[in-house]
Every structure is written in C-alpha cells, then in structure tokens.
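Chemist: Dropping in input02.csv, which is CSV, C-alpha atoms and all ligand atoms:
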```
chain,number,residue,atom,x,y,z
C,16,MET,CA,140.4,78.0,36.6
C,17,ALA,CA,139.3,77.3,33.0
C,18,ALA,CA,135.6,78.1,32.3
C,19,VAL,CA,133.4,75.5,30.7
C,20,SER,CA,130.2,76.0,28.9
C,21,SER,CA,127.3,75.3,31.3
C,22,SER,CA,124.8,74.8,28.5
C,23,VAL,CA,126.0,71.2,27.7
C,24,ARG,CA,123.7,68.6,29.3
C,25,ARG,CA,125.5,65.6,30.8
C,26,THR,CA,123.4,62.5,31.4
C,27,PRO,CA,124.0,61.5,35.0
C,28,LEU,CA,125.5,58.0,35.5
C,29,ILE,CA,125.0,55.9,38.6
C,30,ALA,CA,127.5,53.1,38.5
C,31,GLY,CA,127.6,50.1,40.9
C,32,ASN,CA,131.1,48.6,41.5
C,33,TRP,CA,130.4,45.2,43.0
C,34,LYS,CA,134.1,44.6,43.6
C,35,MET,CA,134.7,40.9,44.6
C,36,ASN,CA,131.1,40.2,45.5
C,37,LEU,CA,128.2,38.2,43.9
C,38,ASP,CA,128.9,35.1,41.8
C,39,HIS,CA,127.4,34.6,38.4
C,40,LEU,CA,124.2,33.1,39.7
C,41,GLN,CA,123.7,35.9,42.2
C,42,ALA,CA,124.6,38.4,39.5
C,43,ILE,CA,121.7,37.1,37.3
C,44,ALA,CA,119.2,37.4,40.2
C,45,PHE,CA,120.5,40.8,41.1
C,46,VAL,CA,120.3,42.3,37.6
C,47,GLN,CA,116.8,40.9,37.1
C,48,LYS,CA,115.6,42.4,40.4
C,49,LEU,CA,117.3,45.7,39.7
C,50,ALA,CA,115.8,46.1,36.3
C,51,TRP,CA,112.3,45.1,37.4
C,52,SER,CA,112.5,47.4,40.4
C,53,LEU,CA,113.5,50.4,38.3
C,54,LYS,CA,111.1,49.6,35.5
C,55,ASP,CA,108.2,49.2,38.1
C,56,ALA,CA,109.2,52.6,39.5
C,57,GLY,CA,108.9,54.1,36.0
C,58,HIS,CA,112.6,55.0,35.9
C,59,ASP,CA,113.7,56.9,32.8
C,60,PHE,CA,117.0,55.2,31.9
C,61,THR,CA,117.7,57.9,29.4
C,62,ALA,CA,117.5,60.6,32.1
C,63,VAL,CA,119.8,58.8,34.6
C,64,GLU,CA,122.0,56.0,33.1
C,65,VAL,CA,122.6,52.9,35.2
C,66,SER,CA,125.6,50.6,34.9
C,67,VAL,CA,126.9,47.7,37.0
C,68,PHE,CA,130.4,46.4,37.3
C,69,PRO,CA,130.4,42.7,38.2
C,70,PRO,CA,133.4,40.5,38.6
C,71,PHE,CA,134.9,39.2,35.3
C,72,THR,CA,133.4,35.7,35.8
C,73,ASP,CA,129.9,37.2,35.9
C,74,LEU,CA,130.1,39.3,32.7
C,75,ARG,CA,129.0,36.6,30.3
C,76,SER,CA,125.9,35.9,32.4
C,77,VAL,CA,125.1,39.5,32.7
C,78,GLN,CA,125.5,40.1,29.0
C,79,THR,CA,123.3,37.2,28.1
C,80,LEU,CA,120.5,38.4,30.4
C,81,VAL,CA,120.7,42.1,29.4
C,82,SER,CA,120.7,41.1,25.7
C,83,ALA,CA,117.9,38.4,26.0
C,84,ASP,CA,115.6,40.7,28.0
C,85,LYS,CA,116.7,43.9,26.3
C,86,LEU,CA,117.4,45.5,29.7
C,87,PRO,CA,118.3,49.2,29.6
C,88,LEU,CA,121.3,48.6,31.8
C,89,ALA,CA,125.0,49.1,30.9
C,90,PHE,CA,127.7,47.0,32.4
C,91,GLY,CA,131.5,46.8,32.3
C,92,GLY,CA,134.7,45.4,33.8
C,93,GLN,CA,136.3,46.4,37.0
C,94,ASP,CA,139.8,46.5,35.4
C,95,VAL,CA,141.4,45.8,32.0
C,96,SER,CA,144.9,44.9,30.8
C,97,GLU,CA,147.0,47.4,29.1
C,98,HIS,CA,148.2,44.6,26.8
C,99,GLU,CA,146.5,43.3,23.7
C,100,SER,CA,147.2,39.6,24.2
C,101,GLY,CA,149.9,37.2,25.1
C,102,ALA,CA,151.7,35.7,28.1
C,103,TYR,CA,149.9,37.8,30.8
C,104,THR,CA,148.6,35.3,33.2
C,105,GLY,CA,145.4,36.5,34.9
C,106,GLU,CA,144.9,39.5,32.7
C,107,ILE,CA,141.7,40.4,30.7
C,108,SER,CA,142.1,42.3,27.5
C,109,ALA,CA,140.0,45.2,26.2
C,110,THR,CA,139.1,43.0,23.2
C,111,PHE,CA,137.5,40.4,25.5
C,112,LEU,CA,135.5,43.0,27.3
C,113,ALA,CA,134.4,44.6,24.1
C,114,GLN,CA,133.3,41.2,22.7
C,115,LEU,CA,131.1,40.8,25.8
C,116,GLU,CA,129.4,44.2,24.9
C,117,CYS,CA,130.8,46.0,27.9
C,118,ARG,CA,130.2,49.7,27.5
C,119,TYR,CA,132.5,50.9,30.3
C,120,VAL,CA,135.6,49.7,32.2
C,121,ILE,CA,136.8,51.0,35.6
C,122,ILE,CA,140.5,51.9,35.5
C,123,GLY,CA,142.9,52.9,38.3
C,124,HIS,CA,140.6,52.2,41.2
C,125,SER,CA,142.5,53.0,44.4
C,126,GLU,CA,142.2,49.3,45.4
C,127,ARG,CA,144.1,48.4,42.2
C,128,ARG,CA,146.6,51.2,42.9
C,129,THR,CA,147.2,50.3,46.5
C,130,LEU,CA,146.7,46.5,46.7
C,131,HIS,CA,148.2,45.7,43.3
C,132,GLY,CA,150.8,48.5,42.9
C,133,GLU,CA,149.2,49.8,39.8
C,134,THR,CA,151.2,52.8,38.5
C,135,ASP,CA,150.1,56.0,36.7
C,136,GLU,CA,151.9,54.6,33.6
C,137,GLN,CA,149.8,51.4,33.7
C,138,VAL,CA,146.7,53.4,34.2
C,139,ALA,CA,147.5,55.5,31.2
C,140,GLY,CA,148.2,52.3,29.2
C,141,LYS,CA,144.8,50.8,30.3
C,142,VAL,CA,143.0,54.0,29.3
C,143,ALA,CA,144.6,53.8,25.8
C,144,ALA,CA,143.7,50.1,25.5
C,145,ALA,CA,140.1,50.7,26.5
C,146,LEU,CA,139.7,53.6,24.1
C,147,ALA,CA,141.2,51.6,21.3
C,148,HIS,CA,138.4,49.1,21.7
C,149,ASN,CA,135.6,51.6,22.1
C,150,LEU,CA,135.2,51.0,25.8
C,151,SER,CA,134.6,54.1,27.8
C,152,PRO,CA,137.1,54.2,30.7
C,153,ILE,CA,136.0,55.3,34.1
C,154,ILE,CA,139.2,56.8,35.3
C,155,CYS,CA,139.4,56.7,39.1
C,156,VAL,CA,141.5,59.3,41.0
C,157,GLY,CA,141.6,60.3,44.6
C,158,GLU,CA,143.7,61.3,47.5
C,159,THR,CA,144.6,59.4,50.7
C,160,ALA,CA,144.0,60.9,54.1
C,161,GLU,CA,147.7,61.7,54.3
C,162,ASP,CA,147.6,63.4,50.8
C,163,LEU,CA,144.7,65.4,52.0
C,164,GLU,CA,146.6,66.6,55.1
C,165,VAL,CA,149.8,67.3,53.2
C,166,HIS,CA,148.7,68.5,49.8
C,167,GLY,CA,145.0,69.4,50.1
C,168,ALA,CA,142.2,67.6,48.3
C,169,SER,CA,142.9,68.4,44.6
C,170,ALA,CA,146.6,68.0,44.1
C,171,VAL,CA,146.8,64.2,43.9
C,172,PRO,CA,143.6,63.6,41.9
C,173,VAL,CA,144.6,66.3,39.4
C,174,ALA,CA,148.1,64.8,39.0
C,175,GLN,CA,146.6,61.3,38.6
C,176,LEU,CA,144.2,62.5,35.9
C,177,ARG,CA,146.9,64.3,34.0
C,178,ALA,CA,149.0,61.1,34.1
C,179,ALA,CA,146.0,58.9,33.0
C,180,LEU,CA,145.4,61.1,30.0
C,181,ALA,CA,149.0,60.9,28.8
C,182,ASN,CA,148.1,58.9,25.7
C,183,VAL,CA,144.8,60.5,25.0
C,184,THR,CA,145.0,63.2,22.3
C,185,SER,CA,141.6,63.6,20.8
C,186,ALA,CA,137.9,63.7,21.7
C,187,ALA,CA,137.4,60.7,23.8
C,188,ASP,CA,134.4,59.1,25.6
C,189,ILE,CA,135.8,59.0,29.1
C,190,VAL,CA,134.3,59.3,32.5
C,191,VAL,CA,136.3,60.5,35.6
C,192,ALA,CA,135.5,59.2,39.1
C,193,TYR,CA,136.7,61.2,42.0
C,194,GLU,CA,137.0,58.9,44.9
C,195,PRO,CA,138.8,60.1,48.0
C,196,VAL,CA,140.5,57.0,49.4
C,197,TRP,CA,139.6,57.9,53.0
C,198,ALA,CA,135.9,58.0,52.0
C,199,ILE,CA,135.8,54.5,50.4
C,200,GLY,CA,134.0,52.0,52.5
C,201,SER,CA,134.5,54.2,55.6
C,202,GLY,CA,131.0,55.5,56.0
C,203,GLN,CA,132.5,59.0,56.0
C,204,ALA,CA,131.7,60.6,52.6
C,205,ALA,CA,133.3,63.8,51.5
C,206,THR,CA,131.1,66.8,51.8
C,207,PRO,CA,129.4,67.9,48.6
C,208,GLU,CA,131.4,71.1,48.7
C,209,GLN,CA,134.7,69.1,48.8
C,210,ALA,CA,133.5,66.9,45.9
C,211,GLU,CA,132.6,69.9,43.9
C,212,GLN,CA,135.9,71.6,44.5
C,213,VAL,CA,137.9,68.6,43.3
C,214,ALA,CA,135.5,67.9,40.4
C,215,ALA,CA,135.9,71.5,39.2
C,216,ALA,CA,139.7,71.1,39.4
C,217,LEU,CA,139.4,67.9,37.4
C,218,ARG,CA,137.3,69.5,34.8
C,219,ALA,CA,139.9,72.2,34.4
C,220,VAL,CA,142.4,69.5,33.6
C,221,LEU,CA,140.1,68.1,31.0
C,222,VAL,CA,139.8,71.6,29.4
C,223,GLU,CA,143.6,71.9,29.3
C,224,VAL,CA,144.2,68.4,27.9
C,225,LEU,CA,141.2,67.6,25.8
C,226,GLY,CA,139.7,71.0,25.1
C,227,GLU,CA,136.6,72.8,26.3
C,228,ASP,CA,134.1,70.9,24.2
C,229,VAL,CA,135.2,67.5,25.4
C,230,ALA,CA,135.5,68.7,29.0
C,231,ALA,CA,132.0,70.1,28.9
C,232,LYS,CA,130.7,66.7,27.8
C,233,THR,CA,132.7,64.6,30.2
C,234,ARG,CA,131.0,63.2,33.2
C,235,ILE,CA,132.7,63.4,36.6
C,236,LEU,CA,131.4,61.0,39.2
C,237,TYR,CA,131.9,61.1,43.0
C,238,GLY,CA,132.5,57.9,44.9
C,239,GLY,CA,133.1,57.1,48.5
C,240,SER,CA,130.4,56.0,51.0
C,241,VAL,CA,127.5,57.1,48.7
C,242,LYS,CA,124.1,56.1,50.0
C,243,SER,CA,120.5,56.9,49.1
C,244,SER,CA,120.5,59.4,52.0
C,245,ASN,CA,123.4,61.5,50.6
C,246,ILE,CA,123.4,61.0,46.8
C,247,ALA,CA,121.1,64.0,46.2
C,248,SER,CA,123.4,66.4,48.0
C,249,PHE,CA,126.2,65.4,45.6
C,250,MET,CA,124.0,65.6,42.5
C,251,ARG,CA,123.1,69.2,43.3
C,252,GLU,CA,126.7,70.2,42.6
C,253,PRO,CA,127.3,71.5,39.1
C,254,ASN,CA,130.4,69.5,38.3
C,255,VAL,CA,129.2,66.2,39.8
C,256,ASP,CA,127.5,64.1,37.2
C,257,GLY,CA,126.9,60.8,39.0
C,258,ALA,CA,128.3,58.4,41.4
C,259,LEU,CA,130.5,55.3,41.6
C,260,VAL,CA,128.9,53.3,44.3
C,261,GLY,CA,130.6,50.3,46.1
C,262,GLY,CA,128.9,48.8,49.2
C,263,ALA,CA,125.5,50.3,48.6
C,264,SER,CA,125.4,48.9,45.1
C,265,LEU,CA,125.1,45.4,46.5
C,266,ASP,CA,121.6,46.0,47.9
C,267,VAL,CA,118.9,46.2,45.1
C,268,ALA,CA,116.5,48.5,47.0
C,269,GLU,CA,119.3,50.8,48.2
C,270,PHE,CA,121.0,51.0,44.8
C,271,ALA,CA,117.6,51.5,43.0
C,272,SER,CA,116.9,54.3,45.5
C,273,ILE,CA,120.3,55.9,44.7
C,274,VAL,CA,119.5,55.7,41.0
C,275,ARG,CA,116.1,57.3,41.7
C,276,TYR,CA,117.6,60.3,43.6
C,277,GLN,CA,115.7,62.8,41.5
C,278,LYS,CA,112.4,61.3,42.6
C,279,HIS,CA,112.8,61.2,46.3
C,280,VAL,CA,114.3,64.6,46.7
C,281,GLY,CA,112.3,66.4,44.0
C,282,LEU,CA,115.4,67.4,42.0
C,301,LIG,O1,134.1,51.9,43.5
C,301,LIG,C1,133.5,52.3,44.5
C,301,LIG,C2,134.1,53.0,45.6
C,301,LIG,O2,135.3,52.3,46.0
C,301,LIG,C3,133.2,53.4,46.7
C,301,LIG,O3,133.0,52.3,47.6
C,301,LIG,P1,131.9,52.6,48.8
C,301,LIG,O4,130.7,53.1,48.1
C,301,LIG,O5,131.7,51.2,49.4
C,301,LIG,O6,132.5,53.6,49.7
```
As a first step, turn the structure in this file into structure tokens.
Ligand SMILES: O=C[C@H](O)COP(=O)(O)O
Modeler:
Amino acid sequence: MAAVSSSVRRTPLIAGNWKMNLDHLQAIAFVQKLAWSLKDAGHDFTAVEVSVFPPFTDLRSVQTLVSADKLPLAFGGQDVSEHESGAYTGEISATFLAQLECRYVIIGHSERRTLHGETDEQVAGKVAAALAHNLSPIICVGETAEDLEVHGASAVPVAQLRAALANVTSAADIVVAYEPVWAIGSGQAATPEQAEQVAAALRAVLVEVLGEDVAAKTRILYGGSVKSSNIASFMREPNVDGALVGGASLDVAEFASIVRYQKHVGL
C-alpha cells in the first residue's frame, strides 16, 4: 500500500445529509438552532468543519440565513447534474449550486446509484461538473452486503473511486465518503477497524491517481449509522477524517453532539 505523509493536518468534516427531510421552513429553524447550539458550546468551527446538505428546495433559504447571520456553516447539494444546461427535466446544474454559494456537493450516494440507476460514468461526469464550478465533490463509495461477502470490503469502494476520478487529472479539492451500503440506516455501523481498512485502501487510490500530496490532504469520511455514541471511535482512526451522517443529522442535539465528538471523549 502506498505510504502517505502523516504530517499533513486534515480538518475534520462532519456533514449532515438530510436526504428528503425538512422543508425550507424547517431548514431555517434547524440551521438557526444548530448554529446557536454549537456557538453556545464554544465550538471551534475551524477545528471541526460542519456542513449540511438540505434538499434543493431549501438551499436558497439556507444560503440567505447563513449569509445574513454570517454563520460558520457550510452547505451543499445532495446531487448535481453532469450536464451544464438544457433539456434535462428535473436536473440541477453545478452552476446553479455554485450561484447559491454551495461549498460541497454529494455525488454517487448509494441511494442515487441503487434507486436511480446512477452509473460510474455518470458519477465521473458529475465530479467533473462540480470541479469545473469550484464545488468540492463528496464522492460516495461503498459495498453492499453481498459485495462484502463475495469480494471483501475494499474491492467495490476502490473500483468506484477509481471510476469516479476518471476525469480528474490535477490537484483537486475532493472529499471521499466511504459508506458501506449495509450500514446505511441499519443501526449496524461498520467497526472502526473496517472503516480504517477501507479508508486506507481508498487513500492508496488517491496516491496513485492524484499523487501523494493531494492524497495526504484529501479527507475521507465514514458514513453509515454514525451517532454521538460511536463517532469518536471512527475519528480515532488515522485515515478517517470525518463523517457523513444521515438519520442522526436530523436531530439538532444529536448532530451537535456528533460535531463535538472531541469534547465529550477528550480527543
Ligand atoms: O449520507 C448518509 C448516509 O447514507 C448515512 O445514513 P445514516 O447515518 O442514516 O446511516
């Protein structure tokens, strides 16, 4: 496995993927409460970055609030089109997301791959579209329970990451999220050791494709049944740099507690 300099500091990222939950009014209330709760707790947003991923219809409201109140929160879309513009009913372009000051966009979530038949080629196209508009793609990869049994944990995520990077040739501001499909919404998270093993294999792909410097700076998140009670165990792993949180990101207190993992476990 390719070695990566351990001296590079990667700012942890805790990302909340709301999926198809919270309308634009609920989004405003949630973001206000989250920001107040974290500020009250003295959270250092430069030490652990926080981002939320509302439905598209909430983004304008979230942008307005974050901008007006100068909140130290990032936000982004849950998906993006690989196309620039045109006759693509229902699609949202990277240009539109960039205009709403999105910093990130989730790409290739297993729910998109499974429920909407999204292919590796489309994922690669979306990654390219995001980067072309200075959005940082959070590239999701992960194996199903069947993949795990047949191929082991790393093979499918590694192949998915290689495919997603097909159009990426230079230093790029990307994030990788390792989300075993069987762990999503199941209450059965991977063990920290499993997450670290796959994250290390994914970092080796980053070294091969993008070089050691970029690989050393790229954050790799774990996702799948992350809660305040297990986040610290993942964050202790050297190649895990944050979490992509689904269900637990919909509760302000629980999500704030995940963000504050350093505090409550003394990391
Ligand atoms: O994007 C988030 C993941 O799908 C994880 O969801 P979960 O935390 O509900 O398991």
Chemist: Separation of atom CA of Trp51 of chain C and atom CA of Lys85 of chain C, in Å?
Modeler: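 Atom CA of Lys85 of chain C lies 12.0 Å from atom CA of Trp51 of chain C.
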Chemist: Considering only C-alpha atoms, state which residue in the set C:Arg75, C:Arg275, C:Arg218, C:Arg127 is at the smallest distance from Lys242 of chain C.
Modeler: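 Closest candidate: C:Arg275.
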Chemist: Using all atoms listed in the file, find each protein or nucleic acid residue lying at most 10 Å from ligand LIG 301 (chain C); present the set as a ChimeraX atom specification.
Modeler: /C:30-34,68,93,121,124-126,155,192-204,237-242,258-265
Chemist: Which residue out of C:Leu80, C:Val274, C:Ala113, C:Ala62 has the minimum interatomic distance to Ala42 of chain C when only C-alpha atoms are used?
Modeler: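 Selected residue with least distance to Ala42 of chain C: C:Leu80.
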Chemist: Just the number, please: distance in Å from atom CA of Val142 of chain C to atom CA of Ala89 of chain C, one decimal.
Modeler: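 Pair atom CA of Val142 of chain C / atom CA of Ala89 of chain C returns 18.7 Å.
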Chemist: Calculated over all atoms listed in the file, which of the candidates C:Pro70, C:Ile235, C:Glu133, C:Val220 has the smallest distance to Arg177 of chain C?
Modeler: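 Among the listed residues, the smallest separation from Arg177 of chain C belongs to C:Val220.
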Chemist: Using all atoms listed in the file for the distances, tell me which of C:Ser248, C:Asn36, C:Ser100, C:Thr159 is nearest to Phe71 of chain C.
Modeler: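 For Phe71 of chain C, the nearest of the given residues is C:Asn36.
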Chemist: For segment 148-154 of chain C, list every protein, DNA or RNA residue within 10 Å, evaluated using all atoms listed in the file, and leave out those in the same chain fewer than 5 positions away; present the list as an NGL selection string.
Modeler: :C and (30 or 91-95 or 108-114 or 116-124 or 138-139 or 141-143 or 175-176 or 179-180 or 187-193 or 234-236 or 259)
Chemist: By how many Å are atom CA of Lys48 of chain C and atom CA of Glu64 of chain C apart?
Modeler: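 Separation of atom CA of Lys48 of chain C and atom CA of Glu64 of chain C: 16.7 Å.
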